[in-house]
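File shown: structure_18.txt. Contents: compact mmCIF, C-alpha atoms.
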```
# COMPACT_ATOMS: atom_id res chain seq x y z
CA MET X 642 0.00 0.00 0.00
CA LYS X 643 1.65 3.22 -1.17
CA HIS X 644 -0.95 5.72 0.05
CA PHE X 645 -4.22 5.46 1.98
CA THR X 646 -6.91 8.08 1.45
CA ASN X 647 -10.09 6.11 0.65
CA VAL X 648 -11.76 2.71 0.63
CA HIS X 649 -10.23 1.73 -2.70
CA ASP X 650 -6.71 1.81 -1.24
CA ILE X 651 -7.38 -0.94 1.31
CA GLY X 652 -8.00 -3.71 -1.22
CA PRO X 653 -10.71 -6.38 -0.89
CA LEU X 654 -12.76 -5.61 2.22
CA ASP X 655 -13.17 -9.21 3.32
CA ALA X 656 -9.39 -9.62 3.39
CA ALA X 657 -8.95 -6.29 5.21
CA ILE X 658 -11.49 -7.26 7.88
CA LYS X 659 -9.86 -10.67 8.33
CA GLU X 660 -6.47 -9.02 8.75
CA ALA X 661 -7.92 -6.53 11.23
CA LEU X 662 -9.43 -9.23 13.43
CA GLU X 663 -6.19 -11.22 13.36
CA LEU X 664 -4.20 -8.15 14.42
CA LYS X 665 -6.72 -7.40 17.15
CA ALA X 666 -6.16 -10.89 18.55
CA ASP X 667 -2.37 -10.39 18.58
CA ARG X 668 -1.43 -6.71 18.32
CA PHE X 669 2.30 -7.32 18.70
CA ALA X 670 2.71 -10.12 16.16
CA PHE X 671 4.50 -7.73 13.80
CA SER X 672 6.40 -5.66 16.35
CA ASP X 673 9.63 -6.09 14.38
CA LEU X 674 8.15 -4.83 11.13
CA GLY X 675 8.56 -1.17 12.06
CA ARG X 676 11.94 -1.42 13.75
CA ASN X 677 14.10 1.60 12.86
CA LYS X 678 11.21 3.09 10.87
CA THR X 679 9.68 6.45 11.77
CA LEU X 680 6.11 7.64 11.47
CA MET X 681 5.52 11.39 11.32
CA MET X 682 2.01 12.47 12.28
CA ILE X 683 1.14 16.00 11.14
CA PHE X 684 -1.87 17.75 12.63
CA PHE X 685 -3.35 20.88 11.14
CA ASN X 686 -6.42 20.33 13.35
CA SER X 687 -7.24 19.04 16.83
CA SER X 688 -7.39 15.34 17.60
CA LEU X 689 -7.92 12.89 20.42
CA ARG X 690 -8.82 9.42 19.08
CA THR X 691 -6.87 9.79 15.83
CA ARG X 692 -3.70 10.92 17.57
CA LEU X 693 -3.77 8.35 20.35
CA SER X 694 -4.92 5.37 18.29
CA THR X 695 -2.52 5.95 15.40
CA GLN X 696 0.43 6.49 17.69
CA LYS X 697 -0.46 3.32 19.62
CA ALA X 698 -0.81 1.37 16.35
CA ALA X 699 2.65 2.52 15.25
CA LEU X 700 4.18 1.54 18.60
CA ASN X 701 2.55 -1.90 18.31
CA LEU X 702 4.50 -2.32 15.08
CA GLY X 703 7.78 -1.20 16.65
CA MET X 704 7.92 2.21 14.96
CA ASN X 705 9.36 5.48 16.23
CA VAL X 706 6.78 8.27 16.21
CA ILE X 707 7.14 12.03 15.70
CA VAL X 708 4.05 14.18 16.28
CA LEU X 709 3.95 17.68 14.81
CA ASP X 710 1.13 20.08 15.66
CA ILE X 711 1.29 22.78 12.99
CA ASN X 712 -0.61 25.22 15.22
CA GLN X 713 1.71 24.84 18.23
CA GLY X 714 5.48 24.96 18.06
CA ALA X 715 5.82 25.14 14.27
CA TRP X 716 6.03 27.97 11.76
CA LYS X 717 2.72 29.00 10.29
CA LEU X 718 2.54 27.54 6.81
CA GLU X 719 1.47 29.17 3.56
CA THR X 720 -0.40 26.71 1.33
CA GLU X 721 -1.19 28.80 -1.76
CA ARG X 722 1.09 29.29 -4.76
CA GLY X 723 1.84 32.73 -6.14
CA VAL X 724 1.23 34.66 -2.95
CA ILE X 725 3.52 37.41 -1.71
CA MET X 726 4.51 36.07 1.68
CA ASP X 727 4.47 39.33 3.61
CA GLY X 728 2.00 38.17 6.26
CA ASP X 729 2.22 35.96 9.34
CA ARG X 730 3.14 32.76 7.46
CA PRO X 731 6.92 32.64 7.07
CA GLU X 732 7.25 29.15 5.58
CA HIS X 733 5.66 27.62 2.49
CA LEU X 734 4.24 24.13 2.49
CA LEU X 735 6.25 23.35 -0.65
CA GLU X 736 9.51 23.64 1.30
CA ALA X 737 8.14 22.26 4.56
CA ILE X 738 6.77 19.03 3.04
CA PRO X 739 10.03 17.68 1.53
CA VAL X 740 11.89 18.67 4.71
CA MET X 741 9.40 16.64 6.77
CA GLY X 742 9.95 13.74 4.38
CA CYS X 743 13.68 13.78 5.19
CA TYR X 744 12.98 12.82 8.81
CA CYS X 745 10.59 9.89 8.46
CA ASP X 746 9.50 6.85 6.48
CA ILE X 747 5.69 7.30 6.52
CA ILE X 748 3.59 10.44 6.93
CA GLY X 749 0.07 10.77 8.35
CA VAL X 750 -1.78 14.05 7.71
CA ARG X 751 -4.88 15.51 9.38
CA SER X 752 -6.32 18.59 7.70
CA PHE X 753 -10.01 19.56 7.79
CA ALA X 754 -12.10 21.30 5.18
CA GLY X 755 -12.16 25.07 5.42
CA LEU X 756 -15.85 25.13 4.41
CA LYS X 757 -15.37 28.38 2.50
CA ASP X 758 -14.24 27.21 -0.94
CA LYS X 759 -15.82 23.92 -2.05
CA ALA X 760 -13.46 23.49 -4.99
CA GLU X 761 -10.42 23.87 -2.75
CA ASP X 762 -11.80 21.44 -0.18
CA TYR X 763 -12.85 18.78 -2.67
CA GLU X 764 -9.54 18.98 -4.52
CA GLU X 765 -7.88 17.92 -1.24
CA ARG X 766 -5.07 20.40 -1.79
CA VAL X 767 -3.22 19.83 1.48
CA ILE X 768 -2.94 16.04 1.53
CA SER X 769 -2.44 15.99 -2.26
CA GLN X 770 0.64 18.18 -1.85
CA PHE X 771 2.04 15.81 0.77
CA ILE X 772 1.56 12.89 -1.60
CA LYS X 773 3.20 14.80 -4.46
CA TYR X 774 6.15 16.42 -2.69
CA SER X 775 7.08 14.41 0.42
CA GLY X 776 8.63 11.42 -1.33
CA ARG X 777 7.04 9.21 1.34
CA PRO X 778 3.95 7.02 1.65
CA VAL X 779 1.13 9.20 2.98
CA PHE X 780 -2.10 8.28 4.73
CA SER X 781 -5.09 10.36 5.74
CA MET X 782 -5.84 10.93 9.41
CA GLU X 783 -8.89 12.88 8.15
CA ALA X 784 -8.87 15.17 5.16
CA ALA X 785 -11.33 17.66 3.73
CA THR X 786 -13.62 15.07 2.15
CA ARG X 787 -12.92 11.73 3.86
CA HIS X 788 -11.92 10.11 7.15
CA PRO X 789 -10.95 6.60 6.03
CA LEU X 790 -9.35 5.38 9.28
CA GLN X 791 -12.62 6.15 11.06
CA SER X 792 -14.73 4.46 8.40
CA PHE X 793 -12.53 1.36 8.41
CA ALA X 794 -12.93 1.16 12.21
CA ASP X 795 -16.69 1.59 11.78
CA LEU X 796 -16.76 -1.31 9.35
CA ILE X 797 -14.72 -3.54 11.68
CA THR X 798 -17.15 -2.71 14.50
CA ILE X 799 -20.23 -3.54 12.45
CA GLU X 800 -18.68 -6.83 11.40
CA GLU X 801 -18.03 -7.70 15.04
CA TYR X 802 -21.54 -6.84 16.24
CA LYS X 803 -23.80 -7.79 13.35
CA THR X 804 -26.19 -10.70 13.89
CA LYS X 805 -27.26 -11.13 10.29
CA GLU X 806 -25.27 -11.38 7.07
CA ARG X 807 -26.81 -8.27 5.53
CA PRO X 808 -27.65 -5.77 8.27
CA LYS X 809 -29.55 -2.56 7.70
CA VAL X 810 -27.28 0.40 8.45
CA VAL X 811 -28.78 3.88 8.70
CA MET X 812 -26.71 7.06 8.76
CA THR X 813 -28.80 9.88 10.16
CA TRP X 814 -28.06 13.59 10.20
CA ALA X 815 -28.49 15.16 13.63
CA PRO X 816 -28.34 18.80 14.77
CA HIS X 817 -25.17 20.59 15.85
CA PRO X 818 -24.53 24.24 16.79
CA LYS X 819 -21.53 24.63 14.44
CA ALA X 820 -20.84 23.99 10.76
CA LEU X 821 -19.04 20.66 10.38
CA PRO X 822 -17.33 19.17 7.31
CA GLN X 823 -18.83 16.35 5.26
CA ALA X 824 -15.69 14.18 5.65
CA VAL X 825 -17.06 11.61 8.11
CA PRO X 826 -20.45 11.10 6.45
CA ASN X 827 -18.84 11.08 2.99
CA SER X 828 -16.36 8.45 4.08
CA PHE X 829 -18.86 6.34 5.99
CA ALA X 830 -21.15 6.31 2.95
CA GLU X 831 -18.26 5.37 0.66
CA TRP X 832 -17.28 2.41 2.85
CA MET X 833 -20.86 1.23 3.40
CA ASN X 834 -21.49 1.35 -0.35
CA ALA X 835 -18.49 -0.94 -0.80
CA THR X 836 -20.24 -3.63 1.28
CA ASP X 837 -23.42 -5.56 0.56
CA TYR X 838 -25.24 -4.06 3.56
CA GLU X 839 -28.62 -2.39 3.19
CA PHE X 840 -27.57 1.25 3.54
CA VAL X 841 -29.87 4.23 4.08
CA ILE X 842 -29.01 7.92 4.52
CA THR X 843 -31.54 10.19 6.17
CA HIS X 844 -31.35 13.97 6.55
CA PRO X 845 -33.44 17.13 6.13
CA GLU X 846 -33.77 18.59 2.66
CA GLY X 847 -30.77 20.75 1.82
CA TYR X 848 -28.25 18.39 3.43
CA GLU X 849 -27.68 16.16 0.40
CA LEU X 850 -24.13 14.85 0.16
CA ALA X 851 -22.07 14.81 -3.04
CA PRO X 852 -23.51 12.19 -5.43
CA GLU X 853 -20.22 10.32 -5.70
CA PHE X 854 -20.43 9.54 -1.98
CA VAL X 855 -24.16 8.85 -1.82
CA GLY X 856 -23.64 6.18 -4.45
CA ASN X 857 -26.29 3.47 -4.33
CA ALA X 858 -27.57 4.36 -0.86
CA ARG X 859 -31.29 4.97 -0.41
CA VAL X 860 -31.89 8.57 0.65
CA GLU X 861 -34.88 9.05 2.93
CA TYR X 862 -36.01 12.47 4.16
CA ASP X 863 -38.33 10.97 6.80
CA GLN X 864 -36.01 10.02 9.65
CA LYS X 865 -38.52 7.81 11.43
CA LYS X 866 -39.27 5.86 8.26
CA ALA X 867 -35.54 5.43 7.61
CA LEU X 868 -34.94 4.04 11.11
CA GLU X 869 -37.57 1.32 10.88
CA ASP X 870 -35.99 -2.12 11.40
CA ALA X 871 -32.44 -0.71 11.38
CA ASP X 872 -29.69 -2.87 12.87
CA PHE X 873 -27.15 -0.06 13.23
CA VAL X 874 -27.79 3.68 13.61
CA TYR X 875 -24.86 5.95 12.81
CA ALA X 876 -25.58 9.53 13.87
CA LYS X 877 -23.56 12.43 12.50
CA ASN X 878 -23.95 16.09 11.73
CA TRP X 879 -22.66 17.76 8.59
CA SER X 880 -23.04 21.16 6.95
CA ALA X 881 -24.64 21.73 3.56
CA TYR X 882 -22.75 20.56 0.47
CA ALA X 883 -24.77 22.04 -2.40
CA ASP X 884 -24.21 25.59 -3.64
CA PRO X 885 -24.98 28.31 -2.70
CA ASN X 886 -25.14 27.01 0.86
CA TYR X 887 -21.85 25.10 0.98
CA GLY X 888 -20.51 24.91 4.54
CA LYS X 889 -23.58 26.51 6.09
CA VAL X 890 -25.84 25.40 8.94
CA LEU X 891 -29.37 25.25 7.51
CA SER X 892 -31.06 23.72 10.53
CA THR X 893 -30.57 22.94 14.20
CA ASP X 894 -33.91 21.15 14.44
CA ARG X 895 -33.83 19.10 17.65
CA ALA X 896 -36.53 16.86 16.20
CA TRP X 897 -33.66 15.05 14.47
CA THR X 898 -31.84 14.25 17.74
CA VAL X 899 -31.51 10.49 18.20
CA ASP X 900 -33.50 9.56 21.31
CA SER X 901 -34.98 6.40 22.82
CA GLU X 902 -38.21 6.86 20.88
CA LYS X 903 -36.29 6.89 17.60
CA MET X 904 -34.22 3.87 18.62
CA GLY X 905 -37.47 2.11 19.49
CA LEU X 906 -38.34 2.11 15.78
CA THR X 907 -35.30 0.00 14.98
CA ASP X 908 -34.69 -3.73 15.28
CA ASN X 909 -32.95 -3.22 18.64
CA ALA X 910 -30.20 -1.39 16.76
CA PHE X 911 -26.72 -0.57 17.96
CA PHE X 912 -25.94 3.13 18.22
CA MET X 913 -22.73 4.45 16.64
CA HIS X 914 -20.95 7.78 16.48
CA CYS X 915 -17.36 8.73 15.62
CA LEU X 916 -16.96 11.00 18.69
CA PRO X 917 -16.68 13.61 20.06
CA VAL X 918 -20.44 13.90 20.35
CA ARG X 919 -22.64 16.76 21.50
CA ARG X 920 -24.94 15.10 24.01
CA ASN X 921 -28.61 16.02 23.79
CA MET X 922 -27.97 17.61 20.41
CA ILE X 923 -26.80 14.61 18.38
CA VAL X 924 -27.99 11.94 20.82
CA THR X 925 -29.67 11.85 24.20
CA ASP X 926 -27.89 10.67 27.34
CA ASP X 927 -30.00 7.55 27.70
CA VAL X 928 -29.19 6.34 24.17
CA ILE X 929 -25.44 6.90 24.26
CA GLU X 930 -25.24 5.32 27.71
CA SER X 931 -27.42 2.34 26.83
CA GLU X 932 -26.28 -1.26 26.42
CA ARG X 933 -26.77 -0.89 22.67
CA SER X 934 -24.33 1.99 22.39
CA ILE X 935 -21.06 0.79 20.89
CA VAL X 936 -19.27 4.12 20.58
CA ILE X 937 -16.43 3.01 22.88
CA PRO X 938 -15.68 -0.29 21.09
CA GLU X 939 -15.94 1.69 17.85
CA ALA X 940 -13.33 4.15 19.10
CA ALA X 941 -11.12 1.30 20.32
CA ASN X 942 -11.12 -0.13 16.81
CA ARG X 943 -9.40 3.02 15.58
CA GLU X 944 -6.15 1.46 16.83
CA ILE X 945 -6.84 -1.63 14.74
CA SER X 946 -7.75 0.18 11.52
CA ALA X 947 -4.60 2.31 11.80
CA GLN X 948 -2.44 -0.73 12.49
CA VAL X 949 -3.70 -2.57 9.40
CA VAL X 950 -2.91 0.46 7.25
CA LEU X 951 0.54 1.03 8.77
CA LYS X 952 1.42 -2.66 8.54
CA ASN X 953 0.66 -2.71 4.84
CA MET X 954 2.52 0.54 4.20
CA LEU X 955 5.57 -0.79 6.03
CA LYS X 956 5.50 -3.96 3.94
CA SER X 957 5.61 -1.83 0.76
CA LEU X 958 8.70 0.17 1.78
```

Before we go any further, please render this structure as structure tokens.
Amino acid sequence: MKHFTNVHDIGPLDAAIKEALELKADRFAFSDLGRNKTLMMIFFNSSLRTRLSTQKAALNLGMNVIVLDINQGAWKLETERGVIMDGDRPEHLLEAIPVMGCYCDIIGVRSFAGLKDKAEDYEERVISQFIKYSGRPVFSMEAATRHPLQSFADLITIEEYKTKERPKVVMTWAPHPKALPQAVPNSFAEWMNATDYEFVITHPEGYELAPEFVGNARVEYDQKKALEDADFVYAKNWSAYADPNYGKVLSTDRAWTVDSEKMGLTDNAFFMHCLPVRRNMIVTDDVIESERSIVIPEAANREISAQVVLKNMLKSL
């Protein structure tokens, strides 16, 4: 595996899931694979699960780890070409990237969408420049349009908890006070569409995702109808994708909050969320604290998804 930015980079999903479960059973089976190899994790945005789980995955494989927070302790970076650099950004990404590549063997990058320029976000300019100029294998720790490590962990979790071969998985929009990127829902939809699950997306009108991510999913604007007989409920907020409202909050309608009444429409579904979660906005306390909430096992599987990716990148060096 040279780079990892989407579901297509992981190869056949059945083989990836099998490898993930084997690694989960023996996390240190390949602890020599990363000996004398260095992972550099570069954060343009905040992180808890991604930082901890990816660092732990690298340590499981015997790697050295360097963590660089661009917003603390590093020069501010200019990302645009052709600008006169007379502001507060003294270093250009085009020099910084190859320098970073000199100090490591694999690079992980986390850079969110700006939600101001859709073309810039969906061109994935930041991570694309790392792939082009670093000279190293690069993987996404969340980019503007996708969060593949999260979606891979979600898939592993569903496979562990499903009780039928073809479960019904529903991704529901839920309210949030701030504008959030489409990366997690885009990515989750992309990975679910790569399975043979029954997959449904439900959201208010105006919150349609990009068609290439919706894929073959059934889109249902009636949340309660969508949730009927669901086996897994994945709640997530996202801002509007379509112009002229790109990146905007169109609704904070609390009627879309996932509560016990909504979960009662399902087939005793498991509740999922990528975390962090706004309680009593996205989901009520009683749902996220219930026996059917699997948000903690889901988060724990972030270590496993990262380790599968790193293992395969190390093998390709």

Anything within 12 Å of (-7.1, -8.8, 18.6): list those residues as a VMD selection string, counting all atoms listed in the file and sticking to the file's coordinates.
-> chain X and resid 658 to 670 701 797 801 941 to 942 944 to 946 948 to 949

Find the residues near Tyr882 (chain X): any atom within 7 Å, counting all atoms listed in the file, skip ones fewer than 4 places away on the same chain, and give them as number ranges by chain.
-> X: 848-851, 886-888

Nearby residues (only C-alpha atoms) at most 8 Å from Ser752 (chain X), same-chain spacing under 6 positions excluded, as a PDB file with C-alpha atoms, keeping the file's coordinate frame:
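And here is the file that came out, part28.pdb:
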```pdb
ATOM      1  CA  PHE X 684      -1.870  17.750  12.630  1.00  0.00           C
ATOM      2  CA  PHE X 685      -3.350  20.880  11.140  1.00  0.00           C
ATOM      3  CA  ASN X 686      -6.420  20.330  13.350  1.00  0.00           C
ATOM      4  CA  VAL X 767      -3.220  19.830   1.480  1.00  0.00           C
ATOM      5  CA  ILE X 768      -2.940  16.040   1.530  1.00  0.00           C
ATOM      6  CA  MET X 782      -5.840  10.930   9.410  1.00  0.00           C
ATOM      7  CA  GLU X 783      -8.890  12.880   8.150  1.00  0.00           C
ATOM      8  CA  ALA X 784      -8.870  15.170   5.160  1.00  0.00           C
ATOM      9  CA  ALA X 785     -11.330  17.660   3.730  1.00  0.00           C
TER      10      ALA X 785
END
```

How many Å lie between CA of Pro822 (chain X) and CA of Glu846 (chain X), rounded to one decimal?
-> 17.1 Å

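Restricting the calculation to only C-alpha atoms, the smallest distance between Asp837 (chain X) and any of X:Val918, X:Leu734, X:Val890, X:Leu654 is found for X:Leu654.
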
Within 12 Å of Asn953 (chain X) using only C-alpha atoms, minus same-chain residues under 6 positions, as a list of chain:residue names = X:Met642, X:Lys643, X:His644, X:Phe645, X:Asp650, X:Ile651, X:Gly652, X:Ala657, X:Glu660, X:Ala661, X:Phe671, X:Leu674, X:Gly675, X:Ala699, X:Leu702, X:Ile747, X:Pro778, X:Phe780, X:Ser946, X:Ala947

Rebuild region 884-895 of chain X to all heavy atoms - output it as a PDB file, in the coordinates of the input, please.
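Output file out37.pdb follows:
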```pdb
ATOM      1  N   ASP X 884     -24.230  24.130  -3.503  1.00  0.00           N
ATOM      2  CA  ASP X 884     -24.210  25.590  -3.640  1.00  0.00           C
ATOM      3  C   ASP X 884     -25.641  26.105  -3.708  1.00  0.00           C
ATOM      4  O   ASP X 884     -26.530  25.415  -4.180  1.00  0.00           O
ATOM      5  CB  ASP X 884     -23.460  25.962  -4.924  1.00  0.00           C
ATOM      6  CG  ASP X 884     -21.978  25.592  -4.844  1.00  0.00           C
ATOM      7  OD1 ASP X 884     -21.419  25.657  -3.739  1.00  0.00           O
ATOM      8  OD2 ASP X 884     -21.406  25.213  -5.879  1.00  0.00           O
ATOM      9  N   PRO X 885     -25.923  27.315  -3.229  1.00  0.00           N
ATOM     10  CA  PRO X 885     -24.980  28.310  -2.700  1.00  0.00           C
ATOM     11  C   PRO X 885     -24.781  28.228  -1.194  1.00  0.00           C
ATOM     12  O   PRO X 885     -24.274  29.162  -0.600  1.00  0.00           O
ATOM     13  CB  PRO X 885     -25.676  29.626  -3.068  1.00  0.00           C
ATOM     14  CG  PRO X 885     -27.137  29.302  -2.908  1.00  0.00           C
ATOM     15  CD  PRO X 885     -27.294  27.866  -3.355  1.00  0.00           C
ATOM     16  N   ASN X 886     -25.162  27.111  -0.600  1.00  0.00           N
ATOM     17  CA  ASN X 886     -25.140  27.010   0.860  1.00  0.00           C
ATOM     18  C   ASN X 886     -23.970  26.188   1.397  1.00  0.00           C
ATOM     19  O   ASN X 886     -23.982  25.783   2.557  1.00  0.00           O
ATOM     20  CB  ASN X 886     -26.444  26.388   1.352  1.00  0.00           C
ATOM     21  CG  ASN X 886     -27.635  27.282   1.087  1.00  0.00           C
ATOM     22  OD1 ASN X 886     -27.580  28.484   1.332  1.00  0.00           O
ATOM     23  ND2 ASN X 886     -28.710  26.698   0.585  1.00  0.00           N
ATOM     24  N   TYR X 887     -22.953  25.949   0.560  1.00  0.00           N
ATOM     25  CA  TYR X 887     -21.850  25.100   0.980  1.00  0.00           C
ATOM     26  C   TYR X 887     -21.252  25.570   2.312  1.00  0.00           C
ATOM     27  O   TYR X 887     -20.933  26.752   2.496  1.00  0.00           O
ATOM     28  CB  TYR X 887     -20.744  25.066  -0.069  1.00  0.00           C
ATOM     29  CG  TYR X 887     -19.546  24.234   0.357  1.00  0.00           C
ATOM     30  CD1 TYR X 887     -19.635  22.853   0.431  1.00  0.00           C
ATOM     31  CD2 TYR X 887     -18.346  24.836   0.731  1.00  0.00           C
ATOM     32  CE1 TYR X 887     -18.558  22.088   0.860  1.00  0.00           C
ATOM     33  CE2 TYR X 887     -17.256  24.074   1.152  1.00  0.00           C
ATOM     34  CZ  TYR X 887     -17.375  22.697   1.218  1.00  0.00           C
ATOM     35  OH  TYR X 887     -16.309  21.936   1.640  1.00  0.00           O
ATOM     36  N   GLY X 888     -21.123  24.623   3.253  1.00  0.00           N
ATOM     37  CA  GLY X 888     -20.510  24.910   4.540  1.00  0.00           C
ATOM     38  C   GLY X 888     -21.404  25.620   5.532  1.00  0.00           C
ATOM     39  O   GLY X 888     -20.949  25.974   6.620  1.00  0.00           O
ATOM     40  N   LYS X 889     -22.682  25.772   5.211  1.00  0.00           N
ATOM     41  CA  LYS X 889     -23.580  26.510   6.090  1.00  0.00           C
ATOM     42  C   LYS X 889     -24.434  25.567   6.944  1.00  0.00           C
ATOM     43  O   LYS X 889     -24.687  24.430   6.573  1.00  0.00           O
ATOM     44  CB  LYS X 889     -24.499  27.421   5.281  1.00  0.00           C
ATOM     45  CG  LYS X 889     -23.779  28.559   4.566  1.00  0.00           C
ATOM     46  CD  LYS X 889     -24.760  29.432   3.814  1.00  0.00           C
ATOM     47  CE  LYS X 889     -24.032  30.576   3.101  1.00  0.00           C
ATOM     48  NZ  LYS X 889     -24.972  31.417   2.328  1.00  0.00           N
ATOM     49  N   VAL X 890     -24.860  26.080   8.091  1.00  0.00           N
ATOM     50  CA  VAL X 890     -25.840  25.400   8.940  1.00  0.00           C
ATOM     51  C   VAL X 890     -27.227  25.847   8.487  1.00  0.00           C
ATOM     52  O   VAL X 890     -27.558  27.027   8.584  1.00  0.00           O
ATOM     53  CB  VAL X 890     -25.625  25.736  10.423  1.00  0.00           C
ATOM     54  CG1 VAL X 890     -26.732  25.137  11.275  1.00  0.00           C
ATOM     55  CG2 VAL X 890     -24.263  25.253  10.893  1.00  0.00           C
ATOM     56  N   LEU X 891     -28.021  24.926   7.987  1.00  0.00           N
ATOM     57  CA  LEU X 891     -29.370  25.250   7.510  1.00  0.00           C
ATOM     58  C   LEU X 891     -30.419  24.965   8.565  1.00  0.00           C
ATOM     59  O   LEU X 891     -31.532  25.496   8.486  1.00  0.00           O
ATOM     60  CB  LEU X 891     -29.685  24.455   6.244  1.00  0.00           C
ATOM     61  CG  LEU X 891     -28.702  24.596   5.078  1.00  0.00           C
ATOM     62  CD1 LEU X 891     -29.172  23.756   3.899  1.00  0.00           C
ATOM     63  CD2 LEU X 891     -28.533  26.056   4.680  1.00  0.00           C
ATOM     64  N   SER X 892     -30.073  24.107   9.527  1.00  0.00           N
ATOM     65  CA  SER X 892     -31.060  23.720  10.530  1.00  0.00           C
ATOM     66  C   SER X 892     -30.354  23.252  11.796  1.00  0.00           C
ATOM     67  O   SER X 892     -29.273  22.658  11.743  1.00  0.00           O
ATOM     68  CB  SER X 892     -31.931  22.573   9.986  1.00  0.00           C
ATOM     69  OG  SER X 892     -32.771  22.058  11.003  1.00  0.00           O
ATOM     70  N   THR X 893     -30.985  23.534  12.929  1.00  0.00           N
ATOM     71  CA  THR X 893     -30.570  22.940  14.200  1.00  0.00           C
ATOM     72  C   THR X 893     -31.789  22.286  14.851  1.00  0.00           C
ATOM     73  O   THR X 893     -31.943  22.276  16.074  1.00  0.00           O
ATOM     74  CB  THR X 893     -29.958  23.988  15.156  1.00  0.00           C
ATOM     75  OG1 THR X 893     -30.900  25.055  15.329  1.00  0.00           O
ATOM     76  CG2 THR X 893     -28.651  24.538  14.606  1.00  0.00           C
ATOM     77  N   ASP X 894     -32.638  21.726  14.015  1.00  0.00           N
ATOM     78  CA  ASP X 894     -33.910  21.150  14.440  1.00  0.00           C
ATOM     79  C   ASP X 894     -33.687  19.971  15.377  1.00  0.00           C
ATOM     80  O   ASP X 894     -33.232  18.908  14.964  1.00  0.00           O
ATOM     81  CB  ASP X 894     -34.700  20.719  13.198  1.00  0.00           C
ATOM     82  CG  ASP X 894     -36.094  20.215  13.539  1.00  0.00           C
ATOM     83  OD1 ASP X 894     -36.447  20.198  14.741  1.00  0.00           O
ATOM     84  OD2 ASP X 894     -36.824  19.829  12.605  1.00  0.00           O
ATOM     85  N   ARG X 895     -34.040  20.149  16.651  1.00  0.00           N
ATOM     86  CA  ARG X 895     -33.830  19.100  17.650  1.00  0.00           C
ATOM     87  C   ARG X 895     -34.749  17.902  17.431  1.00  0.00           C
ATOM     88  O   ARG X 895     -34.567  16.862  18.076  1.00  0.00           O
ATOM     89  CB  ARG X 895     -34.038  19.689  19.044  1.00  0.00           C
ATOM     90  CG  ARG X 895     -32.976  20.715  19.459  1.00  0.00           C
ATOM     91  CD  ARG X 895     -31.750  20.053  20.020  1.00  0.00           C
ATOM     92  NE  ARG X 895     -32.073  19.264  21.186  1.00  0.00           N
ATOM     93  CZ  ARG X 895     -32.264  19.769  22.403  1.00  0.00           C
ATOM     94  NH1 ARG X 895     -32.142  21.081  22.605  1.00  0.00           N
ATOM     95  NH2 ARG X 895     -32.550  18.976  23.415  1.00  0.00           N
TER      96      ARG X 895
END
```
